[in-house]
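Here's the structure we're looking at; comments come further down.
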Amino acid sequence: MSISNNQQWLLYLCCLIALYACTKDNATCTNANINIQVQVNQSHPCNRTGSIKIISPLGPSYQYKLNELPYQERSNFDSLSVGDYHITVKDNHGCTNSKKISIDTVKPNATFIATQQVLNSYCTPCHIGSNGSGGFDVTHVCTVLNLWHRIEARAILGIPTPMPRTGLIPVSERNKIIHWINNGHQY
């Protein structure tokens with residue numbers, strides 16, 4: 001099968017157009033300046049409360065991706081836990097830019113810090129690690145937050161038996177735990 005001169009010119013012209021388009025797109029991406037700016041909300045250590053909100057660039061010319069998830073039109077990513085994430089922004093030319101974002105743990109409040117110090121001082125001899133007495137490790141924030149009622153029963157009220165076993169924690173130290181519990185036993 002032979003190609004006519006017109007077909008050869010048409011094929012040649014198509015190749016030139018494709019080459020120009022490819023070069024043009026690559027030049028656009030090479031010179032693209034997608035400056036990613038974000039607002040980050042830190043996460044609770046036990047719940048996925050972190051978020052990343054892209055504040056620039058915005059608009060219908062952009063799509064946004066978190067890690068390996070597919071691109072989306074929304075510039076917000078919610079329900080994120082503590083950790084590192086990669087944000088990628090793609091414009092309508094196919095140009096992309098990425099940025100690493102870290103979500104840290106929100107800072108604990110003063111009453112939790114005081115309670116954690118009391119628990120570490122009086123309870124860690126028996127309640128630490130995976131072999132902690134009763135499966136209770138007071139060094140893990142989420143355990144303390146989820147089992148606050150057990151701390152109250154044992155360390156404050158002494159029900160069914162006082163903790164530590166040698167007798168209740170001194171009143172001044174128990175008051176720190178009571179204050180934390182009365183303020184909603186929050187992180």
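Ordered as shown in the structure tokens, chains take letters A, B, and onward, while each chain numbers its residues from 1 and ligands are numbered from 1 in the order shown.
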Who sits within 12 Å of Phe136 in chain A, only C-alpha atoms, same chain under 2 positions skipped, as number ranges by chain: A: 119, 123-134, 138-148, 150-151
Spatial neighbours of Ile55 in chain A, max dist 10 Å, only C-alpha atoms, sep filter under 5 positions, as an MDAnalysis selection string: chainID A and resid 36:39 75:76
Pick from A:Ile156, A:Val40, A:Ile113, A:Val118 nearest to Lys100 in chain A, counting only C-alpha atoms: A:Val40
Residue nearest Gln116 in chain A - candidates A:Lys65, A:His44, A:Lys176, A:Lys90, atoms counted: only C-alpha atoms: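 Once distances to Gln116 in chain A are computed over only C-alpha atoms, the minimum belongs to A:Lys176.
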Proximity to Val106 in chain A - best of A:Cys46, A:Ala155, A:Leu69, A:Ile34, only C-alpha atoms: A:Cys46
Distance in Å - CA of Thr166 in chain A versus CA of Trp180 in chain A: 23.3 Å
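Reported to one decimal place, the separation of CA of Gly59 in chain A from CA of Asp78 in chain A is 19.1 Å.
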Filtered DSSP result for range 23-111 of chain A, state alpha helix (DSSP H), as a list of chain:residue names: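 The residues of range 23-111 of chain A classed as alpha helix (DSSP H) are A:Thr23, A:Lys24, A:Asp25, A:Asn26, A:Ala27, A:Thr28, A:Cys29, A:Thr30, A:Asn31, A:Ala110, A:Thr111.
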Contacts of Pro60 in chain A within 12 Å, only C-alpha atoms, excl. fewer than 4 positions in-chain, as a VMD selection string: chain A and resid 64 72 to 75 89 to 92
